[in-house]
Protein chains: 4
Amino acid sequence: MQATLEAIVAQNRTLTAHGKVATYIPELAMGDANALGICVIDGAGNVHLAGDTDIRFTLQSVSKVFALMLALEDQGFAGVFDHIGMEPTGDAFNSIVKLETFASLRPLNPLINAGAIATTALIKGDSVAERFQRLYNYIEAIAGEERISFNERVYRSEKATGDRNRAIGYFLRDIGAVCGDVDEILDLYFRQCSIETDVIGLATLARRLALGPEAEPALSPEVLRIARTFMYTCGMYDATGEFAVKVGIPAKSGVSGAIMATAPGHELGIGVIAPALDQKGNSKAGVQALVDLSRLLQLSVF
Amino acid sequence: MQATLEAIVAQNRTLTAHGKVATYIPELAMGDANALGICVIDGAGNVHLAGDTDIRFTLQSVSKVFALMLALEDQGFAGVFDHIGMEPTGDAFNSIVKLETFASLRPLNPLINAGAIATTALIKGDSVAERFQRLYNYIEAIAGEERISFNERVYRSEKATGDRNRAIGYFLRDIGAVCGDVDEILDLYFRQCSIETDVIGLATLARRLALGPEAEPALSPEVLRIARTFMYTCGMYDATGEFAVKVGIPAKSGVSGAIMATAPGHELGIGVIAPALDQKGNSKAGVQALVDLSRLLQLSVF
Amino acid sequence: MQATLEAIVAQNRTLTAHGKVATYIPELAMGDANALGICVIDGAGNVHLAGDTDIRFTLQSVSKVFALMLALEDQGFAGVFDHIGMEPTGDAFNSIVKLETFASLRPLNPLINAGAIATTALIKGDSVAERFQRLYNYIEAIAGEERISFNERVYRSEKATGDRNRAIGYFLRDIGAVCGDVDEILDLYFRQCSIETDVIGLATLARRLALGPEAEPALSPEVLRIARTFMYTCGMYDATGEFAVKVGIPAKSGVSGAIMATAPGHELGIGVIAPALDQKGNSKAGVQALVDLSRLLQLSVF
Amino acid sequence: MQATLEAIVAQNRTLTAHGKVATYIPELAMGDANALGICVIDGAGNVHLAGDTDIRFTLQSVSKVFALMLALEDQGFAGVFDHIGMEPTGDAFNSIVKLETFASLRPLNPLINAGAIATTALIKGDSVAERFQRLYNYIEAIAGEERISFNERVYRSEKATGDRNRAIGYFLRDIGAVCGDVDEILDLYFRQCSIETDVIGLATLARRLALGPEAEPALSPEVLRIARTFMYTCGMYDATGEFAVKVGIPAKSGVSGAIMATAPGHELGIGVIAPALDQKGNSKAGVQALVDLSRLLQLSVF
């Protein structure tokens with residue numbers, strides 16, 4: 001495994017030059033454009049590392065998976081999906097168009113920004129602070145305390161530049177898809193995006209998603225199943241279909257260049273970081289590293 | 001003229017039953033659903049009244065014409081149209097879709113909500129209060145002091161329910177079409193919508209638009225020409241084309257049920273109020289009254 | 001006038017270098033990219049010429065105005081507008097999107113391709129040949145026999161490359177906006193686009209639109225009014241609003257680089273040819289020549 | 001298993017009353033609105049039947065899976081996916097909008113109409129007849145000769161009413177996504193939709209997709225994997241995401257009311273027929289029968 005990972009990193013590192021680090025959140029622009037790091041935790045629980053594995057990065061959209069899981073725990077299936085759809089959109093992650101052109105008056109799925117903001121709004125708690133703490137604890141319980149932190153600078157940077165998300169938030173309230181204080185919902189959303197980890201943390205999270213409900217910490221089998229399903233159908237922005245064909249396992253990317261990928265049949269979790277992104281917002285080298293890894297280990301679910 | 005107006009009111013009053021008073025701004029819902037009032041100020045300056053002419057109502061989108069005129073005075077042609085387009089949209093007045101799907105990164109015209117918010121943002125002043133006062137004074141100078149007031153309750157109601165406009169405001173800042181504090185820009189926008197008048201005030205405003213630049217108060221000929229042009233091409237939401245065919249003069253409607261229509265060749269101004277709206281947001285009976293009036297007086301510019 | 005026209009041609013000829021001759025219909029690609037010719041027929045009926053006035057060119061979308069007029073004569077107001085809307089679209093001339101996303105199941109106006117194909121389908125006759133002959137005769141009666149001809153090569157070229165229009169035609173039949181044989185309707189449409197004239201013919205057509213109903217040949221006042229109105233609100237593709245602001249008179253452009261513009265108040269008709277087009281499909285130098293001419297002669301209707 | 005299937009049919013038969021048989025192809029309107037039939041072929045190859053299993057029906061969109069497989073055999077991965085995308089659309093199956101609004105100039109995936117027509121165009125052969133025979137033989141080889149026939153009446157009905165598909169076909173050629181004779185491509189497409197089978201045939205096809213590449217007839221492992229993946233991400237029109245969450249196995253529906261579903265991990269194939277459709281075009285009772293069956297047999301891949 002170690003040799004495999006090192007070969008994959010060596011092969012794909014040059015791809016980082018064909019991507020671009022996200023700049024619309026100024027703090028993200030400081031990501032290392034040439035970096036590529038990968039961690040695989042295999043069926044036996046062994047941790048394998050290759051490349052730039054000491055980088056810390058924020059979860060960004062990877063956090064949407066856990067917000068969805070906690071919202072499902074808090075509100076149940078109908079409590080979530082009465083407000084949020086289950087369909088891939090075919091549009092960019094920050095698109096607002098279908099909110100207006102679709103008669104359904106709800107965002108299409110919980111992993112695009114519109115749906116993720118509506119999902120986050122469903123996490124229970126008496127204040128933003130309490131709601132955020134619950135989500136933070138939920139993620140920390142899975143990844144381990146030493147792996148998880150909060151990046152205050154990224155959070156402030158998100159908040160200072162989050163106008164598109166504010167537009168989505170007010171639009172959602174206008175169509176009745178969220179209620180409550182939009183600024184607070186967005187504050188919670190910006191916070192969840194700013195939770196920080198490293199590839200070991202990411203692979204630990206991914207492996208928990210690969211295991212059955214009885215692993216530690218115990219998770220509802222229905223919630224696990226739904227999380228994996230949405231990662232497979234909506235996890236990689238508007239390149240999800242291509243990722244399903246070429247890699248074939250549930251995954252979720254973030255604009256920090258992180259990808260969390262999970263291979264349930266193999267009880268295997270993967271964390272990748274490579275901040276240079278392709279045009280659709282996925283890690284350029286990270287996606288190709290997963291294409292290679294999936295082919296070598298025959299990870300595809302089909 | 002008096003008999004003509006009374007006949008038109010008599011004929012069209014029953015149409016109010018086929019419209020609906022706007023309810024998305026709660027204060028507007030208190031408008032009289034059965035009312036229809038009309039005022040014509042003719043070429044000689046005579047005032048003719050028929051129907052429910054003692055109602056006061058807020059300008060709503062009618063104010064967009066004067067915000068555009070003042071922005072043009074403040075910033076000049078390029079200062080406005082570098083940021084805002086000149087094209088009809090074919091979409092609903094509160095649509096956000098073309099902001100995303102068009103590459104131009106600016107709202108399509110100054111009379112839809114997106115463009116009107118961007119236009120209002122261009123009015124000069126050191127504070128919201130000063131900027132609003134300048135616009136209020138501009139309108140008051142034309143309509144006469146006794147005709148113009150400010151409806152605080154409508155303003156508060158707009159502000160409390162303006163989520164779609166907030167969504168548009170943040171979207172505009174995200175694409176760089178406005179800068180500055182979005183809350184302040186929207187506050188100014190909600191205020192301008194809440195300026196109140198009656199049909200005499202509306203007809204006085206309309207008649208000033210029908211006259212040459214040298215009338216009182218003096219206005220730039222270019223600004224007058226541009227205002228009339230946009231009223232003709234974009235003034236009646238997504239029913240502007242039909243209005244041009246059936247009525248054929250520059251006009252601007254508001255969701256209060258007001259329509260301000262101007263017949264430049266006849267030096268004639270018309271104010272109509274009928275709060276019950278059709279599906280596109282225009283006064284149901286008001287539009288038909290103008291169809292009849294235009295036919296009888298042969299007002300169409302073509 | 002003569003000196004004015006020559007100055008305008010001299011000033012604007014260099015603009016042709018910033019446009020591109022249409023190539024999607026191969027025969028059109030043979031248009032002279034550097035040419036600019038203009039003809040004005042004034043209120044007294046005097047013909048003024050400047051620039052490259054001996055070029056013959058096909059009407060293309062300019063023909064839509066006359067197809068609309070004949071359809072109105074054949075079917076009456078409701079017979080046309082029950083099937084075709086009256087609204088500007090804000091979209092490109094060959095767009096199909098609103099046919100699907102709008103619930104109305106009819107094209108938005110008679111001067112975009114979708115609406116023009118539906119309009120052409122309403123021209124009466126027992127065969128394509130007869131229907132085309134009626135339209136040809138209608139145009140010829142206005143422009144004069146010696147000005148009008150039919151360009152067989154352009155017609156064949158249109159027919160060979162008209163897939164987008166075929167897509168629109170079948171879509172229209174699917175939604176019930178046209179009935180009958182789609183191939184025949186398109187054949188008629190490609191033929192009308194291929195009617196050929198020169199700037200004198202174009203200005204003669206334009207001047208007839210500027211005159212009252214009693215001029216020769218006699219035309220219905222309602223039909224004249226509707227034609228001018230649609231030219232003003234929808235005549236210049238998705239640059240119609242800007243043209244209204246900057247020129248301010250009814251006009252219709254074609255991808256051959258022709259513009260037919262009419263100034264009703266001045267009883268004046270203008271024909272322009274300059275095959276190099278801007279990005280929206282209007283003649284690059286032709287539009288600017290009309291901006292200059294309108295300013296100098298104060299032609300704007302507002 | 002037998003008792004399970006009979007219970008599922010009994011439970012879900014009443015749902016047929018909440019669906020509607022497709023009428024836009026007149027021959028389909030003759031489908032039995034109350035019917036529900038199901039066939040499961042299990043891992044051991046045993047055939048289980050319940051409900052209305054003697055109905056014959058056309059494959060309709062189910063055929064798209066096999067057209068894709070044969071196109072992949074004929075042209076290879078790049079030969080197909082250079083022309084057709086891999087992304088779910090979030091739009092209705094017969095939508096044309098994204099062809100215009102997306103810059104990619106290719107249909108989004110091979111299982112929507114636009115992509116399926118482009119896929120069918122890639123099947124090799126010297127004539128429509130030969131190309132169709134190759135596809136027919138391919139399907140027949142899997143399902144068995146006695147299960148497969150061709151419904152001439154449905155084919156003629158499709159051809160007579162296929163205007164939306166013609167619109168898509170010409171649009172595809174206009175943007176360069178298909179080449180060749182559009183009428184021929186559509187003829188081939190209408191023919192493939194008119195291939196007829198019964199639930200045993202459908203389950204046999206489904207079970208072949210569930211098995212490994214070495215089963216009879218031998219199929220490329222890559223082609224099998226891609227077919228299953230697209231069924232999972234794009235197989236149930238714009239309800240695919242919900243089906244993934246609630247059923248969780250690759251499936252493809254057709255407007256005849258057929259659903260072909262495959263459970264690779266269980267080597268199990270399912271065929272369902274229930275002609276009454278829900279609003280998105282999927283079999284109303286058929287989808288719910290699969291929800292129940294998947295839950296009882298724990299078929300979900302995640």
# chains A, B, ... in the order shown; residues from 1 in each chain; ligands from 1
$ interface_residues --of "chain B" --to "chain C" --cutoff "10 Å" --atoms "only C-alpha atoms" --output "count of residues only"
43
$ select_by_dssp --residues "segment 44-270 of chain B" --states "strand (DSSP E or B)" --output "ChimeraX atom specification"
/B:47-51,57-58,149-150,195-197,251-253,258-263,268-270
$ write_last_selection --atoms "N, CA and C atoms" --output "short mmCIF file (atom, residue, chain, number, x, y, z; two decimals), in the first residue's frame"
data_model
loop_
_atom_site.label_atom_id
_atom_site.label_comp_id
_atom_site.auth_asym_id
_atom_site.auth_seq_id
_atom_site.Cartn_x
_atom_site.Cartn_y
_atom_site.Cartn_z
N VAL B 47 -56.88 69.80 -14.85
CA VAL B 47 -56.90 68.54 -14.11
C VAL B 47 -58.29 67.92 -14.20
N HIS B 48 -58.34 66.68 -14.68
CA HIS B 48 -59.61 65.94 -14.78
C HIS B 48 -59.55 64.72 -13.88
N LEU B 49 -60.61 64.51 -13.11
CA LEU B 49 -60.61 63.42 -12.13
C LEU B 49 -61.85 62.54 -12.33
N ALA B 50 -61.68 61.24 -12.10
CA ALA B 50 -62.85 60.36 -12.13
C ALA B 50 -62.58 59.17 -11.21
N GLY B 51 -63.65 58.66 -10.56
CA GLY B 51 -63.53 57.48 -9.70
C GLY B 51 -62.95 57.80 -8.34
N PHE B 57 -51.55 56.36 -1.90
CA PHE B 57 -50.88 55.06 -2.14
C PHE B 57 -49.39 55.30 -2.28
N THR B 58 -48.60 54.26 -2.09
CA THR B 58 -47.14 54.41 -2.23
C THR B 58 -46.71 54.20 -3.69
N SER B 149 -45.82 62.52 0.46
CA SER B 149 -45.55 62.25 1.86
C SER B 149 -44.79 60.92 1.95
N PHE B 150 -44.49 60.50 3.15
CA PHE B 150 -43.75 59.26 3.35
C PHE B 150 -44.58 58.35 4.23
N ILE B 195 -42.62 56.18 -0.68
CA ILE B 195 -43.08 57.55 -0.90
C ILE B 195 -44.52 57.49 -1.38
N GLU B 196 -45.34 58.39 -0.82
CA GLU B 196 -46.79 58.29 -1.00
C GLU B 196 -47.29 59.48 -1.80
N THR B 197 -48.30 59.25 -2.60
CA THR B 197 -48.94 60.35 -3.35
C THR B 197 -50.40 60.00 -3.60
N ALA B 251 -44.99 54.26 -19.65
CA ALA B 251 -45.72 54.13 -18.39
C ALA B 251 -44.88 53.35 -17.40
N LYS B 252 -45.19 53.53 -16.12
CA LYS B 252 -44.54 52.71 -15.09
C LYS B 252 -45.58 52.33 -14.05
N SER B 253 -45.60 51.05 -13.73
CA SER B 253 -46.55 50.54 -12.74
C SER B 253 -45.85 50.23 -11.43
N ALA B 258 -50.65 51.42 -8.68
CA ALA B 258 -50.48 52.71 -9.36
C ALA B 258 -49.91 52.49 -10.76
N ILE B 259 -50.33 53.35 -11.70
CA ILE B 259 -49.67 53.45 -13.00
C ILE B 259 -49.51 54.94 -13.33
N MET B 260 -48.27 55.29 -13.69
CA MET B 260 -47.98 56.65 -14.15
C MET B 260 -47.71 56.57 -15.65
N ALA B 261 -48.53 57.24 -16.46
CA ALA B 261 -48.39 57.15 -17.92
C ALA B 261 -48.28 58.53 -18.51
N THR B 262 -47.44 58.65 -19.54
CA THR B 262 -47.11 59.97 -20.07
C THR B 262 -47.22 59.99 -21.59
N ALA B 263 -47.90 60.99 -22.12
CA ALA B 263 -48.07 61.07 -23.57
C ALA B 263 -47.36 62.32 -24.08
N LEU B 268 -49.42 65.47 -22.04
CA LEU B 268 -50.49 65.00 -21.18
C LEU B 268 -49.95 63.97 -20.19
N GLY B 269 -50.38 64.10 -18.92
CA GLY B 269 -49.95 63.15 -17.90
C GLY B 269 -51.14 62.43 -17.29
N ILE B 270 -50.96 61.15 -17.00
CA ILE B 270 -52.05 60.34 -16.46
C ILE B 270 -51.59 59.64 -15.18
#
$ closest_residue --among "B:Ala71, B:Leu211, B:Met30, B:Ile117" --to "Asp183 of chain B" --atoms "only C-alpha atoms"
B:Ile117
$ atom_distance --atom1 "atom CA of Pro110 of chain A" --atom2 "atom CA of Leu68 of chain A"
6.8 Å
$ residues_around --residues "Glu100 of chain A" --least-positions-apart "6" --cutoff "9 Å" --atoms "only C-alpha atoms" --output "PyMOL selection string"
(chain A and resi 171+175) or (chain B and resi 95-97)
$ write_last_selection --atoms "C-alpha atoms" --output "mmCIF file, in the first residue's frame"
data_model
loop_
_atom_site.group_PDB
_atom_site.id
_atom_site.type_symbol
_atom_site.label_atom_id
_atom_site.label_comp_id
_atom_site.auth_asym_id
_atom_site.auth_seq_id
_atom_site.Cartn_x
_atom_site.Cartn_y
_atom_site.Cartn_z
ATOM 1 C CA PHE A 171 -33.726 33.664 -1.145
ATOM 2 C CA ILE A 175 -39.465 30.967 -0.558
ATOM 3 C CA SER B 95 -36.217 37.470 -11.014
ATOM 4 C CA ILE B 96 -32.601 36.710 -10.095
ATOM 5 C CA VAL B 97 -31.942 34.138 -12.834
#
$ select_by_dssp --residues "segment 68-215 of chain D" --states "helix (DSSP H, G or I)" --output "count of residues only"
92
$ residues_around --residues "Leu135 of chain D" --least-positions-apart "6" --cutoff "9 Å" --atoms "only C-alpha atoms" --output "JSON, numbers by chain"
{"D": [66, 67, 70, 123, 192]}
$ residues_around --residues "Gly19 of chain C" --least-positions-apart "6" --cutoff "12 Å" --atoms "only C-alpha atoms" --output "PyMOL selection string"
chain C and resi 12-13+32-36+255+257+274-288
$ write_last_selection --atoms "N, CA and C atoms" --output "tab-separated table (two decimals), in the first residue's frame"
chain	number	residue	atom	x	y	z
C	12	ASN	N	-17.75	56.17	-39.72
C	12	ASN	CA	-18.06	54.86	-39.18
C	12	ASN	C	-17.51	53.69	-39.98
C	13	ARG	N	-16.92	53.98	-41.12
C	13	ARG	CA	-16.46	52.86	-41.95
C	13	ARG	C	-15.41	52.02	-41.23
C	32	ASP	N	-19.33	41.59	-48.10
C	32	ASP	CA	-18.12	42.43	-48.07
C	32	ASP	C	-17.94	43.00	-46.66
C	33	ALA	N	-16.91	42.54	-45.96
C	33	ALA	CA	-16.72	42.89	-44.55
C	33	ALA	C	-16.45	44.38	-44.35
C	34	ASN	N	-15.96	45.04	-45.36
C	34	ASN	CA	-15.58	46.46	-45.20
C	34	ASN	C	-16.65	47.43	-45.68
C	35	ALA	N	-17.72	46.89	-46.21
C	35	ALA	CA	-18.72	47.76	-46.84
C	35	ALA	C	-19.58	48.47	-45.80
C	36	LEU	N	-19.99	49.69	-46.14
C	36	LEU	CA	-21.00	50.44	-45.40
C	36	LEU	C	-21.73	51.33	-46.40
C	255	VAL	N	-29.10	39.43	-40.19
C	255	VAL	CA	-27.70	38.98	-40.11
C	255	VAL	C	-26.92	39.19	-41.40
C	257	GLY	N	-26.45	42.06	-42.29
C	257	GLY	CA	-25.86	43.36	-42.00
C	257	GLY	C	-26.78	44.50	-42.37
C	274	ALA	N	-24.14	46.99	-43.84
C	274	ALA	CA	-22.73	46.86	-43.46
C	274	ALA	C	-22.61	45.46	-42.88
C	275	PRO	N	-22.14	44.49	-43.68
C	275	PRO	CA	-22.24	43.08	-43.31
C	275	PRO	C	-21.48	42.65	-42.05
C	276	ALA	N	-20.48	43.42	-41.62
C	276	ALA	CA	-19.73	43.01	-40.42
C	276	ALA	C	-20.60	43.26	-39.19
C	277	LEU	N	-20.84	42.20	-38.42
C	277	LEU	CA	-21.79	42.25	-37.30
C	277	LEU	C	-21.09	42.36	-35.95
C	278	ASP	N	-21.82	42.90	-34.99
C	278	ASP	CA	-21.32	42.87	-33.61
C	278	ASP	C	-21.70	41.54	-32.97
C	279	GLN	N	-21.38	41.38	-31.67
C	279	GLN	CA	-21.59	40.08	-31.02
C	279	GLN	C	-23.06	39.68	-30.90
C	280	LYS	N	-23.95	40.64	-30.97
C	280	LYS	CA	-25.36	40.32	-30.85
C	280	LYS	C	-26.04	40.11	-32.20
C	281	GLY	N	-25.27	40.25	-33.28
C	281	GLY	CA	-25.83	39.96	-34.59
C	281	GLY	C	-26.31	41.18	-35.36
C	282	ASN	N	-26.06	42.37	-34.82
C	282	ASN	CA	-26.43	43.59	-35.54
C	282	ASN	C	-25.22	44.16	-36.27
C	283	SER	N	-25.48	44.85	-37.37
C	283	SER	CA	-24.42	45.49	-38.14
C	283	SER	C	-23.63	46.46	-37.26
C	284	LYS	N	-22.34	46.21	-37.15
C	284	LYS	CA	-21.49	47.01	-36.24
C	284	LYS	C	-21.47	48.49	-36.65
C	285	ALA	N	-21.08	48.74	-37.87
C	285	ALA	CA	-21.00	50.13	-38.34
C	285	ALA	C	-22.40	50.70	-38.58
C	286	GLY	N	-23.32	49.84	-38.96
C	286	GLY	CA	-24.69	50.30	-39.25
C	286	GLY	C	-25.36	50.89	-38.03
C	287	VAL	N	-25.22	50.22	-36.88
C	287	VAL	CA	-25.84	50.73	-35.66
C	287	VAL	C	-25.25	52.10	-35.32
C	288	GLN	N	-23.93	52.22	-35.40
C	288	GLN	CA	-23.31	53.49	-35.02
C	288	GLN	C	-23.68	54.59	-36.00
$ atom_distance --atom1 "atom CA of Ala22 of chain A" --atom2 "atom CA of Gly254 of chain A"
10.3 Å
$ atom_distance --atom1 "atom CA of Asn94 of chain D" --atom2 "atom CA of Thr120 of chain C"
26.4 Å
